[in-house]
Amino acid sequence: MKTNSDLIKIYLTHILIFVSGILLGQDLSKDIPVYSEPIDTLPELFIPIDTLSQEVDTISIDSVKPPFLEAPIVYNALDSIVFSLDGQKVYLYKNAKVTYQQIVLTADYIILDLETKEVYAEGVLDTAGVIQGEPIFMDGGDEFESKTMRYNFETQKGIITEVRTEQGEGFIHSKRTKKISADEFILKDGKYTTCDADHPHFYLHLTKAKVIKNNKIVTGPAYMVLEDFPLYFPILPFGYFPNTTTYSSGIIIPTYGEEANRGFFLREGGYYWAANDYFDLSVKGDIYSKGSWATKLHTNYKYLYHFSGSFDFSYNVNVAGEKGLDNYKRTPQFRIAWTHSQDAKANPSRNFSASVNFSTSGFEKQNSTAYTANSYLQTQKSSSISYTKRWENTPFNMSANLRHSQNSRDSTISLSLPEMTFSMAKIYPFKKKVRSGQQKWYEKFGINYSANFRNSISGVKEDSLFLTSFSKDWKNGIKHNIPISLPSFNLFKYVNFSPSFSFNEKWYFNSKEYTYNENTKKVDVETISGFNRIYDYAYSLSASTNIYGMFTPKNTNSRIKGIRHKMSPSVSFSYRPDFGKEKFGYYVPIADDNGNITYYDRFDKGIFGGSPGRGASGAINFSLNNNIEMKVLESKDTTQTAAKFKKVKILDNLSLNTSYDLIRDSLNLSVINIRGRTTIKGVSLNFGGVLDPYEMDSVGTSVVRVHKYTWNHNKGLAKLGRLTRANLSFGMSFSSKDVKKDTGRGNNNGDVEGEGEEEAEVEGAKMTNENFGYVDFDVPWDVRFNYNFNYTRNNPFEKGKISQTLSFSGNLALTSKWRLTMNSNYDIMAKEFSFTTFTVHRDLHCWQMLFTFVPFGYMKSYSFTLSANSGMLRDLKVDKRRSRYDNNYR
């Protein structure tokens with residue numbers, strides 16, 4: 001740092017050179033020395049007063065005014081810092097920076113006037129004639145760029161030219177701007193836009209405007225400019241743009257349009273209320289000229305670190321036809337949606353969540369404005385409100401749920417109000433708390449417990465839900481389950497045996513009483529209220545192991561290192577006693593006039609199922625899983641010293657399972673289930689089937705299974721069993737190869753500006769092959785399709801039913817801005833397409849174009865939208881559509 005004596009020498013040197021130039025008649029200013037070392041001017045600006053000195057008059061000190069600057073001005077430059085002859089001006093060159101409190105000004109050329117407390121900044125022309133290092137002004141969190149700038153630190157006023165600044169979601173450009181206070185600007189011939197390009201693609205031309213930081217923007221006469229083409233009509237006499245960092249209340253402007261069936265409309269208009277930091281509320285409505293209307297309520301809420309969620313309610317009335325005529329129809333519909341989630345930090349042992357989606361059947365088809373396959377094809381809706389509680393350092397936990405599901409196809413609803421579960425994780429009561437020595441066999445003894453309470457109704461129509469009887473139509477009960485795992489052991493080191501015992505008990509609060517009516521010759525059923533206990537138990541013993549088979553090629557030059565076949569057989573035996581005996585009291589025998597006895601279940605169609613099955617069961621269950629893998633050399637060069645091998649799955653899984661009941665007197669063998677999965681060159685293939693080992697025969701008017709094995713009465717593949725069900729599905733996807741593209745001309749964001757945008761897109765997507773003289777366009781694309789085949793034939797005397805469907809979708813990116821998508825399904829047996837959509841999307845940088853087309857079917861429609869990307873300008877759009885409510889296109 002230079003001292004005061006050094007400064008005097010510098011100033012005298014400047015004066016001598018200046019006087020010499022006058023006497024010689026030459027310009028010697030270029031010979032003035034430049035000092036790159038920062039000079040400390042603070043001692044000149046703020047001279048500390050020694051209050052201990054005897055010369056100081058303390059009375060005069062009290063009358064001294066406080067300094068006008070509350071902090072020192074700090075400045076520096078990369079190239080040089082030059083002072084004027086009087087020492088009141090400082091010239092900073094190259095990457096200059098001036099800092100005052102939270103204000104930071106950077107530029108390649110800055111003049112700092114220490115006397116007037118003003119600063120002037122501008123850029124500098126380089127050797128190519130391009131201005132570099134233009135001023136950037138930062139005040140706290142605000143920042144703007146300009147061509148030139150003059151600013152006074154004392155008055156906080158300034159003049160700025162060619163300013164560019166971001167205000168909220170928008171950007172302001174102005175040729176000349178006056179800063180009249182710390183938070184206010186006045187500008188002339190300005191531009192307001194949401195486009196972030198240096199030369200915006202569209203903007204609102206402001207003849208004059210006032211900007212209040214973090215508050216609002218008020219303008220005089222303004223008009224729209226698109227691609228430098230002014231649209232003088234319509235002109236806005238004045239404008240108001242909210243510019244707050246927090247959300248605020250206001251009117252929601254509706255969208256307008258026309259539908260053939262419902263007429264002219266105003267949609268999504270209403271009011272938004274920004275209540276506080278915890279929740280907001282919006283009320284919107286739709287109105288149609290032909291009588292239809294709708295009202296909608298939406299709210300969001302959030303309590304930081306505790307919970308958050310949203311709630312929606314919609315009520316719609318659709319009117320079709322003319323009132324007083326036969327075709328008149330008025331259809332009210334409603335929908336309730338609620339989502340709630342608890343922050344994991346709020347309480348680690350308790351949690352409350354909700355996901356509710358309840359509506360009348362047909363609400364989505366009649367009122368949804370979405371053109372998606374999911375909104376049209378979805379016929380199932382479900383809801384869940386859940387509360388869970390876990391007791392820390394214990395194996396116990398509890399959950400309570402309210403569940404709902406509905407089928408919009410047949411308008412049926414199922415409710416579970418409530419469903420509660422209490423469970424205990426597996427404990428080992430005989431396990432020692434302090435381990436010593438080898439674990440004893442009895443220490444492996446484990447026990448679980450779970451209890452489930454449910455009160456529900458299912459399959460009831462929407463319009464009959466509130467007419468149901470709680471005692472007759474609703475089902476309720478409690479189920480207890482106690483699985484006990486006994487110590488497992490190995491036999492011959494390779495076979496694992498696992499014994500187990502399970503006990504189940506159900507508590508029902510009503511039962512059925514059956515009596516034979518001599519007059520009607522039918523069995524009358526009456527529901528009797530009262531507590532009932534139904535229990536069952538079973539024993540089981542399972543054994544499992546793994547068997548490996550290896551195949552190694554004899555040819556040492558083969559790329560195949562080996563093939564491994566893994567088989568995982570499992571055999572289990574389970575026993576359940578005959579719970580149909582009279583001592584259990586689960587079944588009621590009823591004899592008809594001919595003496596035929598039929599057993600009726602007293603708890604038929606109970607919420608957890610009926611009574612345990614009649615007849616004892618001693619079944620042997622068998623399953624076999626197969627997996628085949630191959631290890632191959634990755635490189636064709638088999639002479640590598642460090643060869644790399646990879647695993648290739650030939651068969652992911654092939655499983656079959658069946659069971660044989662030793663106690664039953666006939667039809668002991670159950671059906672044989674076969675499942676398989678493999679991948680062939682990237683194509684995932686799934687298949688399966690069900691084989692019935694018994695023949696079927698006609699008995700009267702019905703067809704029943706008879707105790708005759710198929711392998712004794714058939715030939716060929718039919719010996720394996722009678723195929724009752726089969727399925728096959730596979731999917732494939734194709735896509736373009738990944739090519740690293742040269743993005744061509746563009747800005748830092750990869751967005752190409754100006755008229756060369758389309759040229760740059762093509763240039764970025766093509767590669768020229770000079771050797772062959774053609775242009776290879778790399779057009780990213782992908783195509784996916786899935787095929788499903790199902791076969792069902794339960795009756796061998798009837799023809800089997802076959803269904804085949806083909807679903808396919810694809811994407812095509814013609815350029816980085818153009819994208820085409822398609823989604824469709826085809827029923828091969830019916831020879832017709834189902835819901836099909838085509839979508840064209842164009843990215844216009846600060847705008848976007850979207851065209852959606854449904855060519856046929858109930859959802860036949862199209863939609864064309866050209867809109868600004870900014871959410872603040874969501875109403876700045878061109879929207880043309882023909883919805884599914886319109887009978888014909890125009």
# chains A, B, ... in the order shown; residues from 1 in each chain; ligands from 1
$ select_by_dssp --residues "region 348-539 of chain A" --states "helix (DSSP H, G or I)" --output "list in words"
Phe363, Glu364, Lys365, Gln366, Asn367, Ala373, Asn374, Ser375, Tyr376, Leu377, Trp441, Tyr442, Glu443, Lys444, Glu462, Asp463, Ser464, Leu465, Phe466 and Leu467 of chain A
$ residues_around --residues "Lys213 (chain A)" --least-positions-apart "4" --cutoff "10 Å" --atoms "only C-alpha atoms" --output "list in words"
Asp142, Gln167, Gly168, Ala182, Asp183, Glu184, Phe185, Ile217, Asn243, Thr244 and Thr245 of chain A
$ atom_distance --atom1 "CA of Phe238 (chain A)" --atom2 "CA of Asp196 (chain A)"
23.8 Å
$ residues_around --residues "Thr148 (chain A)" --least-positions-apart "4" --cutoff "7 Å" --atoms "only C-alpha atoms" --output "PyMOL selection string"
chain A and resi 121-122+135+160-161
$ residues_around --residues "Ser423 (chain A)" --least-positions-apart "2" --cutoff "8 Å" --atoms "only C-alpha atoms" --output "PyMOL selection string"
chain A and resi 396-398+421+425+448-451
$ write_last_selection --atoms "N, CA and C atoms" --output "CSV table (one decimal), in the first residue's frame"
chain,number,residue,atom,x,y,z
A,396,PHE,N,-44.0,-55.3,18.8
A,396,PHE,CA,-45.4,-55.0,18.5
A,396,PHE,C,-45.6,-53.8,17.6
A,397,ASN,N,-46.6,-53.9,16.8
A,397,ASN,CA,-47.0,-52.7,16.0
A,397,ASN,C,-48.5,-52.8,15.6
A,398,MET,N,-49.0,-51.7,15.2
A,398,MET,CA,-50.5,-51.7,15.0
A,398,MET,C,-50.7,-50.8,13.8
A,421,THR,N,-55.1,-53.9,12.2
A,421,THR,CA,-54.2,-55.0,12.3
A,421,THR,C,-53.2,-54.8,13.5
A,425,ALA,N,-43.9,-59.3,15.8
A,425,ALA,CA,-42.8,-59.9,15.0
A,425,ALA,C,-42.3,-61.2,15.7
A,448,ASN,N,-44.9,-66.2,15.9
A,448,ASN,CA,-45.5,-64.9,15.5
A,448,ASN,C,-46.9,-64.8,15.9
A,449,TYR,N,-47.5,-63.6,15.8
A,449,TYR,CA,-48.9,-63.4,16.1
A,449,TYR,C,-49.4,-62.2,15.3
A,450,SER,N,-50.6,-62.4,14.7
A,450,SER,CA,-51.2,-61.3,14.1
A,450,SER,C,-52.7,-61.4,14.3
A,451,ALA,N,-53.4,-60.2,14.4
A,451,ALA,CA,-54.8,-60.1,14.6
A,451,ALA,C,-55.3,-59.1,13.6
$ select_by_dssp --residues "region 293-524 of chain A" --states "strand (DSSP E)" --output "JSON, numbers by chain"
{"A": [293, 294, 295, 296, 297, 298, 299, 300, 301, 302, 303, 307, 308, 309, 310, 311, 312, 313, 314, 315, 316, 317, 318, 319, 320, 329, 330, 331, 332, 333, 334, 335, 336, 337, 338, 339, 340, 341, 342, 350, 351, 352, 353, 354, 355, 356, 357, 358, 359, 380, 381, 382, 383, 384, 385, 386, 387, 388, 389, 390, 396, 397, 398, 399, 400, 401, 402, 403, 404, 405, 406, 407, 412, 413, 414, 415, 416, 417, 418, 419, 420, 421, 422, 423, 424, 425, 426, 427, 446, 447, 448, 449, 450, 451, 452, 453, 454, 455, 456, 457, 458, 459, 460, 461, 475, 476, 477, 478, 479, 480, 481, 482, 483, 484, 485, 489, 490, 491, 495, 496, 497, 498, 499, 500, 501, 502, 503, 504, 505, 506, 507, 508, 509, 510, 511, 512, 513, 514, 515, 516, 517, 522, 523, 524]}
$ residues_around --residues "Gln101 (chain A)" --least-positions-apart "2" --cutoff "12 Å" --atoms "only C-alpha atoms" --output "PyMOL selection string"
chain A and resi 69-75+98-99+103-105+138-140+153
$ residues_around --residues "Ala718 (chain A)" --least-positions-apart "4" --cutoff "12 Å" --atoms "only C-alpha atoms" --output "MDAnalysis selection string"
chainID A and resid 691:695 709:714 722:724
$ write_last_selection --atoms "N, CA and C atoms" --output "PDB file, in the first residue's frame"
ATOM      1  N   LEU A 691     -52.453 -77.715 -16.620  1.00  0.00           N
ATOM      2  CA  LEU A 691     -52.814 -79.047 -17.121  1.00  0.00           C
ATOM      3  C   LEU A 691     -53.662 -79.762 -16.083  1.00  0.00           C
ATOM      4  N   ASP A 692     -54.790 -80.260 -16.529  1.00  0.00           N
ATOM      5  CA  ASP A 692     -55.675 -81.044 -15.655  1.00  0.00           C
ATOM      6  C   ASP A 692     -55.406 -82.524 -15.938  1.00  0.00           C
ATOM      7  N   PRO A 693     -54.980 -83.300 -14.909  1.00  0.00           N
ATOM      8  CA  PRO A 693     -54.634 -84.710 -15.160  1.00  0.00           C
ATOM      9  C   PRO A 693     -55.839 -85.625 -15.315  1.00  0.00           C
ATOM     10  N   TYR A 694     -57.068 -85.112 -15.109  1.00  0.00           N
ATOM     11  CA  TYR A 694     -58.255 -85.963 -15.145  1.00  0.00           C
ATOM     12  C   TYR A 694     -59.120 -85.643 -16.357  1.00  0.00           C
ATOM     13  N   GLU A 695     -59.836 -86.673 -16.771  1.00  0.00           N
ATOM     14  CA  GLU A 695     -60.790 -86.536 -17.863  1.00  0.00           C
ATOM     15  C   GLU A 695     -62.087 -85.911 -17.343  1.00  0.00           C
ATOM     16  N   TYR A 709     -57.270 -90.820 -15.391  1.00  0.00           N
ATOM     17  CA  TYR A 709     -56.089 -90.067 -15.774  1.00  0.00           C
ATOM     18  C   TYR A 709     -55.982 -89.949 -17.290  1.00  0.00           C
ATOM     19  N   THR A 710     -55.537 -88.761 -17.733  1.00  0.00           N
ATOM     20  CA  THR A 710     -55.455 -88.512 -19.176  1.00  0.00           C
ATOM     21  C   THR A 710     -54.409 -89.400 -19.841  1.00  0.00           C
ATOM     22  N   TRP A 711     -53.328 -89.721 -19.127  1.00  0.00           N
ATOM     23  CA  TRP A 711     -52.284 -90.525 -19.764  1.00  0.00           C
ATOM     24  C   TRP A 711     -52.700 -91.977 -20.002  1.00  0.00           C
ATOM     25  N   ASN A 712     -53.835 -92.367 -19.420  1.00  0.00           N
ATOM     26  CA  ASN A 712     -54.343 -93.720 -19.670  1.00  0.00           C
ATOM     27  C   ASN A 712     -55.337 -93.775 -20.825  1.00  0.00           C
ATOM     28  N   HIS A 713     -55.809 -92.607 -21.295  1.00  0.00           N
ATOM     29  CA  HIS A 713     -56.864 -92.599 -22.302  1.00  0.00           C
ATOM     30  C   HIS A 713     -56.541 -91.717 -23.510  1.00  0.00           C
ATOM     31  N   ASN A 714     -55.366 -91.139 -23.562  1.00  0.00           N
ATOM     32  CA  ASN A 714     -55.003 -90.268 -24.685  1.00  0.00           C
ATOM     33  C   ASN A 714     -53.664 -90.675 -25.256  1.00  0.00           C
ATOM     34  N   ARG A 722     -54.856 -82.421 -19.704  1.00  0.00           N
ATOM     35  CA  ARG A 722     -55.800 -81.640 -20.504  1.00  0.00           C
ATOM     36  C   ARG A 722     -55.521 -80.156 -20.275  1.00  0.00           C
ATOM     37  N   LEU A 723     -55.166 -79.446 -21.355  1.00  0.00           N
ATOM     38  CA  LEU A 723     -54.810 -78.037 -21.261  1.00  0.00           C
ATOM     39  C   LEU A 723     -56.074 -77.199 -21.048  1.00  0.00           C
ATOM     40  N   THR A 724     -56.188 -76.589 -19.879  1.00  0.00           N
ATOM     41  CA  THR A 724     -57.365 -75.766 -19.576  1.00  0.00           C
ATOM     42  C   THR A 724     -57.088 -74.274 -19.727  1.00  0.00           C
TER      43      THR A 724
END
$ residues_around --residues "Ser655 (chain A)" --least-positions-apart "6" --cutoff "9 Å" --atoms "only C-alpha atoms" --output "list in words"
Ser623, Leu624, Asn625, Asn626, Asn673, Ile674, Arg675 and Gly676 of chain A
$ write_last_selection --atoms "N, CA, C and O atoms" --output "mmCIF file, in the first residue's frame"
data_model
loop_
_atom_site.group_PDB
_atom_site.id
_atom_site.type_symbol
_atom_site.label_atom_id
_atom_site.label_comp_id
_atom_site.auth_asym_id
_atom_site.auth_seq_id
_atom_site.Cartn_x
_atom_site.Cartn_y
_atom_site.Cartn_z
ATOM 1 N N SER A 623 -42.917 -79.087 -5.980
ATOM 2 C CA SER A 623 -42.582 -78.006 -6.910
ATOM 3 C C SER A 623 -41.144 -78.181 -7.374
ATOM 4 O O SER A 623 -40.297 -78.711 -6.646
ATOM 5 N N LEU A 624 -40.901 -77.730 -8.596
ATOM 6 C CA LEU A 624 -39.565 -77.846 -9.185
ATOM 7 C C LEU A 624 -39.285 -76.579 -9.983
ATOM 8 O O LEU A 624 -40.042 -76.240 -10.897
ATOM 9 N N ASN A 625 -38.199 -75.910 -9.622
ATOM 10 C CA ASN A 625 -37.750 -74.716 -10.339
ATOM 11 C C ASN A 625 -36.462 -75.025 -11.084
ATOM 12 O O ASN A 625 -35.568 -75.703 -10.541
ATOM 13 N N ASN A 626 -36.361 -74.529 -12.320
ATOM 14 C CA ASN A 626 -35.195 -74.788 -13.157
ATOM 15 C C ASN A 626 -34.605 -73.476 -13.650
ATOM 16 O O ASN A 626 -35.334 -72.534 -13.994
ATOM 17 N N ASN A 673 -49.489 -76.744 -12.574
ATOM 18 C CA ASN A 673 -49.222 -75.375 -13.025
ATOM 19 C C ASN A 673 -47.811 -75.274 -13.573
ATOM 20 O O ASN A 673 -46.850 -75.726 -12.926
ATOM 21 N N ILE A 674 -47.689 -74.669 -14.733
ATOM 22 C CA ILE A 674 -46.389 -74.507 -15.389
ATOM 23 C C ILE A 674 -46.169 -73.022 -15.660
ATOM 24 O O ILE A 674 -47.057 -72.345 -16.190
ATOM 25 N N ARG A 675 -45.007 -72.510 -15.277
ATOM 26 C CA ARG A 675 -44.645 -71.128 -15.523
ATOM 27 C C ARG A 675 -43.220 -71.071 -16.051
ATOM 28 O O ARG A 675 -42.359 -71.838 -15.614
ATOM 29 N N GLY A 676 -42.984 -70.142 -16.991
ATOM 30 C CA GLY A 676 -41.647 -70.008 -17.554
ATOM 31 C C GLY A 676 -41.332 -68.579 -17.937
ATOM 32 O O GLY A 676 -42.232 -67.794 -18.241
#
$ atom_distance --atom1 "CA of Ser408 (chain A)" --atom2 "CA of Thr379 (chain A)"
5.1 Å
$ atom_distance --atom1 "CA of Leu297 (chain A)" --atom2 "CA of Lys284 (chain A)"
6.4 Å
$ closest_residue --among "A:Gly257, A:Gly87, A:Pro553, A:Pro429" --to "Val632 (chain A)" --atoms "only C-alpha atoms"
A:Pro553
$ closest_residue --among "A:Arg454, A:Arg564, A:Arg881, A:Lys444" --to "Phe422 (chain A)" --atoms "only C-alpha atoms"
A:Arg454
$ closest_residue --among "A:Pro577, A:Gly595, A:Gly610, A:Pro395" --to "Gly477 (chain A)" --atoms "only C-alpha atoms"
A:Gly610
$ closest_residue --among "A:Thr865, A:Gly309, A:Tyr203, A:Arg559" --to "Arg842 (chain A)" --atoms "only C-alpha atoms"
A:Thr865
